[in-house]
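Data block for input.txt (compact mmCIF, C-alpha atoms):
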```txt
# COMPACT_ATOMS: atom_id res chain seq x y z
CA MET A 8 -115.52 -24.27 -18.98
CA SER A 9 -113.86 -27.56 -18.04
CA MET A 10 -115.24 -29.87 -15.36
CA THR A 11 -112.26 -29.16 -13.09
CA GLY A 12 -112.76 -25.41 -13.43
CA GLY A 13 -116.48 -25.80 -12.75
CA VAL A 14 -115.83 -27.85 -9.61
CA LEU A 15 -113.30 -25.31 -8.33
CA THR A 16 -115.70 -22.40 -9.01
CA ALA A 17 -118.59 -24.11 -7.29
CA ALA A 18 -116.36 -25.01 -4.34
CA SER A 19 -115.14 -21.43 -4.06
CA ALA A 20 -118.69 -20.09 -4.20
CA MET A 21 -119.84 -22.54 -1.56
CA SER A 22 -116.87 -21.60 0.58
CA GLY A 23 -117.72 -17.89 0.25
CA ALA A 24 -121.36 -18.52 1.10
CA ALA A 25 -120.29 -20.66 4.02
CA ARG A 26 -118.11 -17.84 5.32
CA LEU A 27 -121.07 -15.47 5.17
CA THR A 28 -123.23 -17.95 7.04
CA THR A 29 -120.52 -18.51 9.65
CA LEU A 30 -120.04 -14.78 10.18
CA ALA A 31 -123.77 -14.27 10.43
CA SER A 32 -124.37 -17.08 12.88
CA SER A 33 -121.24 -16.85 15.01
CA GLY A 34 -120.58 -14.43 17.77
CA SER A 35 -118.93 -14.43 21.11
CA GLY A 36 -119.78 -17.17 23.50
CA ASP A 37 -121.69 -14.80 25.70
CA GLU A 38 -123.84 -13.34 22.88
CA PRO A 39 -126.83 -15.03 21.25
CA PRO A 40 -126.31 -16.18 17.61
CA VAL A 41 -127.29 -13.74 14.86
CA THR A 42 -129.92 -15.04 12.51
CA VAL A 43 -129.72 -13.70 8.91
CA PRO A 44 -133.02 -13.71 7.00
CA ARG A 45 -133.20 -15.86 3.86
CA ASP A 46 -133.46 -13.05 1.30
CA PRO A 47 -130.42 -11.07 2.49
CA ALA A 48 -128.43 -14.30 2.66
CA ARG A 49 -129.43 -15.17 -0.92
CA GLU A 50 -128.44 -11.65 -2.09
CA ALA A 51 -125.10 -11.93 -0.32
CA ALA A 52 -124.44 -15.29 -2.02
CA ARG A 53 -125.38 -13.80 -5.42
CA ARG A 54 -122.92 -10.93 -4.93
CA GLU A 55 -120.25 -13.40 -3.94
CA LEU A 56 -120.81 -15.54 -7.04
CA ALA A 57 -120.75 -12.44 -9.28
CA LYS A 58 -117.12 -11.77 -8.44
CA ARG A 59 -114.70 -12.05 -11.39
CA MET A 60 -112.56 -14.66 -9.69
CA TYR A 61 -115.34 -17.23 -10.16
CA HIS A 62 -115.60 -16.64 -13.95
CA GLU A 63 -111.98 -16.68 -15.08
CA ASN A 64 -112.39 -20.13 -16.66
CA ASP A 65 -115.74 -19.47 -18.34
CA PRO A 66 -115.81 -20.25 -22.12
CA SER A 67 -115.60 -17.36 -24.59
CA PRO A 68 -118.70 -16.28 -26.56
CA PHE A 69 -117.29 -18.04 -29.63
CA GLN A 70 -116.77 -21.26 -27.70
CA ARG A 71 -120.32 -21.09 -26.33
CA ALA A 72 -121.68 -20.55 -29.84
CA LEU A 73 -119.61 -23.46 -31.14
CA ASN A 74 -120.82 -25.71 -28.36
CA ALA A 75 -124.41 -24.72 -29.13
CA PHE A 76 -123.89 -25.50 -32.84
CA TRP A 77 -122.46 -28.96 -32.18
CA GLU A 78 -125.29 -29.67 -29.75
CA TRP A 79 -127.83 -28.68 -32.43
CA PHE A 80 -126.00 -30.73 -35.09
CA GLY A 81 -125.91 -33.75 -32.83
CA LYS A 82 -129.65 -33.53 -32.23
CA LEU A 83 -130.22 -33.15 -35.98
CA LEU A 84 -128.19 -36.30 -36.74
CA ALA A 85 -130.01 -38.17 -34.01
CA LYS A 86 -133.40 -37.23 -35.51
CA ALA A 87 -132.24 -38.18 -39.01
CA ALA A 88 -130.91 -41.52 -37.78
CA SER A 89 -134.18 -42.27 -35.98
CA ALA A 90 -136.17 -41.49 -39.14
CA THR A 91 -133.92 -43.57 -41.45
CA PRO A 92 -134.43 -47.35 -41.74
CA GLY A 93 -131.46 -49.00 -40.14
CA GLY A 94 -130.69 -46.13 -37.77
CA SER A 95 -127.17 -44.69 -37.87
CA LEU A 96 -125.95 -47.34 -40.31
CA GLY A 97 -128.79 -46.60 -42.71
CA LEU A 98 -128.06 -42.86 -42.52
CA LEU A 99 -124.39 -43.55 -43.30
CA VAL A 100 -125.37 -45.63 -46.35
CA VAL A 101 -127.66 -42.85 -47.62
CA VAL A 102 -124.91 -40.22 -47.24
CA LEU A 103 -122.39 -42.44 -49.05
CA CYS A 104 -124.85 -43.03 -51.90
CA VAL A 105 -125.44 -39.28 -52.32
CA ILE A 106 -121.69 -38.61 -52.37
CA THR A 107 -121.18 -41.37 -54.94
CA VAL A 108 -123.89 -40.00 -57.23
CA LEU A 109 -122.48 -36.45 -57.02
CA ALA A 110 -118.96 -37.71 -57.76
CA ALA A 111 -120.22 -39.69 -60.77
CA LEU A 112 -122.06 -36.65 -62.14
CA TRP A 113 -118.99 -34.47 -61.64
CA TRP A 114 -116.78 -37.01 -63.43
CA ARG A 115 -119.26 -37.43 -66.29
CA LEU A 116 -120.18 -33.80 -66.84
CA GLY A 117 -116.92 -32.15 -65.81
CA THR A 118 -116.56 -28.76 -64.20
CA PRO A 119 -119.72 -26.68 -64.74
CA ARG A 120 -119.27 -23.65 -66.93
CA ARG A 121 -119.48 -20.38 -65.04
CA GLY A 122 -121.04 -18.51 -67.93
CA PRO A 123 -122.16 -18.91 -71.51
CA ALA A 124 -119.28 -19.62 -73.87
CA THR A 125 -119.13 -18.51 -77.45
CA ALA A 126 -117.48 -20.50 -80.20
CA ALA A 127 -113.88 -19.49 -80.82
CA PRO A 128 -111.63 -20.17 -83.82
CA LEU A 129 -110.40 -23.71 -84.24
CA PHE A 130 -106.74 -22.77 -84.78
CA ASP A 131 -104.44 -20.38 -83.00
CA GLU A 132 -102.43 -17.69 -84.70
CA ARG A 133 -99.48 -19.91 -85.63
CA PRO A 134 -100.42 -22.14 -88.58
CA ARG A 135 -99.30 -25.77 -88.47
CA THR A 136 -99.63 -28.67 -90.85
CA ALA A 137 -101.87 -31.67 -90.31
CA ALA A 138 -98.78 -33.79 -89.63
CA GLU A 139 -97.68 -31.39 -86.90
CA HIS A 140 -101.10 -31.52 -85.26
CA ARG A 141 -101.06 -35.33 -85.41
CA ALA A 142 -97.61 -35.41 -83.81
CA ALA A 143 -98.81 -33.14 -81.03
CA ALA A 144 -101.88 -35.34 -80.53
CA ASP A 145 -99.73 -38.47 -80.32
CA ALA A 146 -97.45 -36.79 -77.77
CA HIS A 147 -100.40 -35.85 -75.56
CA ALA A 148 -101.90 -39.33 -75.90
CA ALA A 149 -98.59 -40.94 -74.87
CA GLN A 150 -98.77 -38.97 -71.62
CA GLY A 151 -102.45 -39.73 -71.05
CA HIS A 152 -103.55 -36.15 -71.72
CA TRP A 153 -106.63 -37.21 -73.63
CA SER A 154 -108.39 -33.84 -73.75
CA GLN A 155 -105.43 -32.11 -75.40
CA ALA A 156 -104.96 -35.11 -77.68
CA VAL A 157 -108.57 -34.87 -78.90
CA GLN A 158 -108.19 -31.15 -79.55
CA GLU A 159 -105.03 -31.60 -81.62
CA ARG A 160 -106.50 -34.53 -83.54
CA MET A 161 -109.57 -32.47 -84.48
CA ARG A 162 -107.29 -29.71 -85.69
CA ALA A 163 -105.37 -32.29 -87.72
CA ILE A 164 -108.62 -33.44 -89.36
CA VAL A 165 -109.60 -29.93 -90.43
CA ARG A 166 -106.09 -29.01 -91.55
CA ALA A 167 -105.85 -32.18 -93.63
CA LEU A 168 -109.14 -31.36 -95.35
CA GLU A 169 -107.80 -27.91 -96.13
CA GLU A 170 -104.59 -29.39 -97.52
CA ARG A 171 -106.68 -31.65 -99.76
CA ALA A 172 -108.71 -28.62 -100.92
CA LEU A 173 -111.88 -30.16 -99.51
CA LEU A 174 -112.17 -27.10 -97.30
CA ASP A 175 -111.05 -23.62 -98.18
CA VAL A 176 -108.50 -22.08 -95.84
CA ARG A 177 -110.49 -19.62 -93.78
CA PRO A 178 -109.15 -18.03 -90.57
CA GLY A 179 -111.61 -17.94 -87.72
CA ARG A 180 -113.50 -21.10 -88.70
CA THR A 181 -115.01 -23.03 -85.80
CA ALA A 182 -115.07 -26.79 -85.40
CA ASP A 183 -118.83 -26.92 -86.01
CA GLU A 184 -118.51 -24.90 -89.20
CA ALA A 185 -115.71 -27.12 -90.47
CA ALA A 186 -117.69 -30.29 -89.72
CA ALA A 187 -120.80 -28.96 -91.48
CA GLU A 188 -118.87 -27.91 -94.58
CA ALA A 189 -116.81 -31.11 -94.79
CA GLY A 190 -119.90 -33.25 -94.29
CA ARG A 191 -121.30 -32.07 -97.63
CA SER A 192 -118.37 -33.46 -99.60
CA LEU A 193 -117.86 -36.45 -97.29
CA PRO A 194 -121.44 -37.46 -96.46
CA ALA A 195 -120.47 -40.91 -95.24
CA HIS A 196 -118.55 -39.26 -92.39
CA ALA A 197 -120.87 -36.34 -91.69
CA ASP A 198 -122.07 -37.82 -88.39
CA GLY A 199 -118.53 -38.63 -87.30
CA LEU A 200 -117.38 -35.11 -88.11
CA HIS A 201 -120.28 -33.62 -86.18
CA THR A 202 -119.52 -35.84 -83.16
CA ALA A 203 -115.81 -34.97 -83.23
CA ALA A 204 -116.64 -31.26 -83.39
CA ARG A 205 -118.98 -31.63 -80.42
CA HIS A 206 -116.22 -33.35 -78.40
CA PHE A 207 -113.87 -30.51 -79.31
CA ASP A 208 -116.37 -27.89 -78.15
CA ASP A 209 -117.19 -29.74 -74.93
CA ILE A 210 -113.51 -29.88 -74.02
CA THR A 211 -112.48 -26.43 -75.18
CA TYR A 212 -115.47 -24.37 -74.13
CA GLY A 213 -117.48 -26.62 -71.81
CA GLY A 214 -114.74 -27.59 -69.38
CA ARG A 215 -115.31 -31.32 -69.87
CA THR A 216 -112.62 -33.98 -70.02
CA ALA A 217 -111.99 -36.67 -72.62
CA ASP A 218 -110.91 -40.25 -72.15
CA GLN A 219 -108.90 -42.71 -74.20
CA ARG A 220 -111.96 -44.08 -75.97
CA THR A 221 -112.97 -40.62 -77.18
CA TYR A 222 -109.51 -39.98 -78.55
CA GLN A 223 -109.42 -43.34 -80.32
CA ARG A 224 -112.74 -42.56 -82.06
CA VAL A 225 -111.47 -39.19 -83.28
CA ALA A 226 -108.15 -40.70 -84.39
CA ARG A 227 -109.97 -43.47 -86.26
CA LEU A 228 -112.10 -40.84 -88.00
CA ASP A 229 -108.93 -39.01 -89.03
CA ASN A 230 -107.49 -42.20 -90.53
CA ASP A 231 -110.73 -43.04 -92.33
CA LEU A 232 -110.97 -39.56 -93.84
CA GLU A 233 -107.46 -39.90 -95.25
CA ARG A 234 -108.61 -42.94 -97.25
CA THR A 235 -111.99 -41.54 -98.31
CA ARG A 236 -112.54 -39.92 -101.67
CA PRO A 237 -114.89 -36.96 -101.69
CA THR A 238 -118.31 -37.01 -103.28
CA LEU A 239 -118.65 -34.36 -105.95
CA VAL A 240 -121.63 -32.06 -105.47
CA HIS A 241 -123.31 -31.46 -108.86
CA SER A 242 -125.23 -28.29 -109.50
CA ALA A 243 -128.53 -28.32 -111.39
CA ALA A 244 -128.44 -26.90 -114.92
CA PRO A 245 -131.14 -24.50 -116.15
CA ASP A 246 -132.73 -27.25 -118.26
CA GLY A 247 -133.09 -29.48 -115.20
CA LYS A 248 -130.12 -31.68 -116.07
CA THR A 249 -127.16 -32.03 -113.79
CA GLY A 250 -123.82 -30.88 -114.86
```
Please render this file's structure as structure tokens.
Amino acid sequence: MSMTGGVLTAASAMSGAARLTTLASSGSGDEPPVTVPRDPAREAARRELAKRMYHENDPSPFQRALNAFWEWFGKLLAKAASATPGGSLGLLVVVLCVITVLAALWWRLGTPRRGPATAAPLFDERPRTAAEHRAAADAHAAQGHWSQAVQERMRAIVRALEERALLDVRPGRTADEAAAEAGRSLPAHADGLHTAARHFDDITYGGRTADQRTYQRVARLDNDLERTRPTLVHSAAPDGKTG
């Protein structure tokens, strides 16, 4: 209820009560004044104030609940400010620090996964060459789409290893499986392959995002693997000698 409405209601109520008092106390000039006892007068004023005309501007139940909430929230902030060093300014600094930390965690970890994700195949149904995957990665990188660029570059790495017969062509292979298998014939790059596969999984299944530095590391690994000769894995002969 606004202040104007409240003033008008109170004035109307007082006017009604005044009329009752005037009627009770007035009479003809020749008759003695009528004295109304206090309790009946109070009851008459209560009935007058209960009339609907005095409550037309009352707030709705929702508005009263909202006003009560904001009153409670204001008291809560006041208590928090009084308990925080620096008062209101200190409370504002604390809130800003919490928001900054949450934003940094969100940016670093990405969108949380809603459920456990299982590893899916590295490639889609349409086979492409390593050169095609590299071209797609370069196109994404030119537009600043680093997550997609990392994915395509990882696919280019695995496809190139298959084209060099360092990995057998196997549908349904995951990035982790490819990195583990390739690391046995390219031990100098085993850690790099494992890291690249982890970036691929984090982006594809973990909902995380990549940046330019991540893509450059994966692209550099791709270039290094192109210039690296594999290490032959010798099997032990029955007499203990290597073949």
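Interatomic distance, atom CA of A:Glu139 against atom CA of A:Gln158: 12.8 Å.
You can rank A:Leu73, A:Ala217, A:Leu200, A:Ala149 by their closest distance to A:Met161 using only C-alpha atoms, and at the top of that list sits A:Leu200.
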Interatomic distance, atom CA of A:Arg171 to atom CA of A:Arg234 (Å, one decimal):
11.7 Å
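Counting from atom CA of A:His140, the distance to atom CA of A:Glu159 is 5.4 Å.
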Would you list the residues near (-113.2, -32.9, -91.1) (no more than 6 Å away, in the coordinates of the file, using all atoms listed in the file) as a PyMOL selection string?
chain A and resi 164-165+186+189+200
Residues near A:Asp198, cut-off 12 Å, all atoms listed in the file, skip fewer than 4 positions along chain, as number ranges by chain:
A: 183, 186-187, 189-191, 193-194, 202-205, 225, 228
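Nearest residue to A:Asp209, choosing from A:Val157, A:Ala72, A:Leu173, A:Thr136 and counting all atoms listed in the file: A:Val157.
If all atoms listed in the file are the atoms counted, then among A:Ala144, A:Arg160, A:Arg220, A:Pro134 the closest residue to A:Val176 is A:Pro134.
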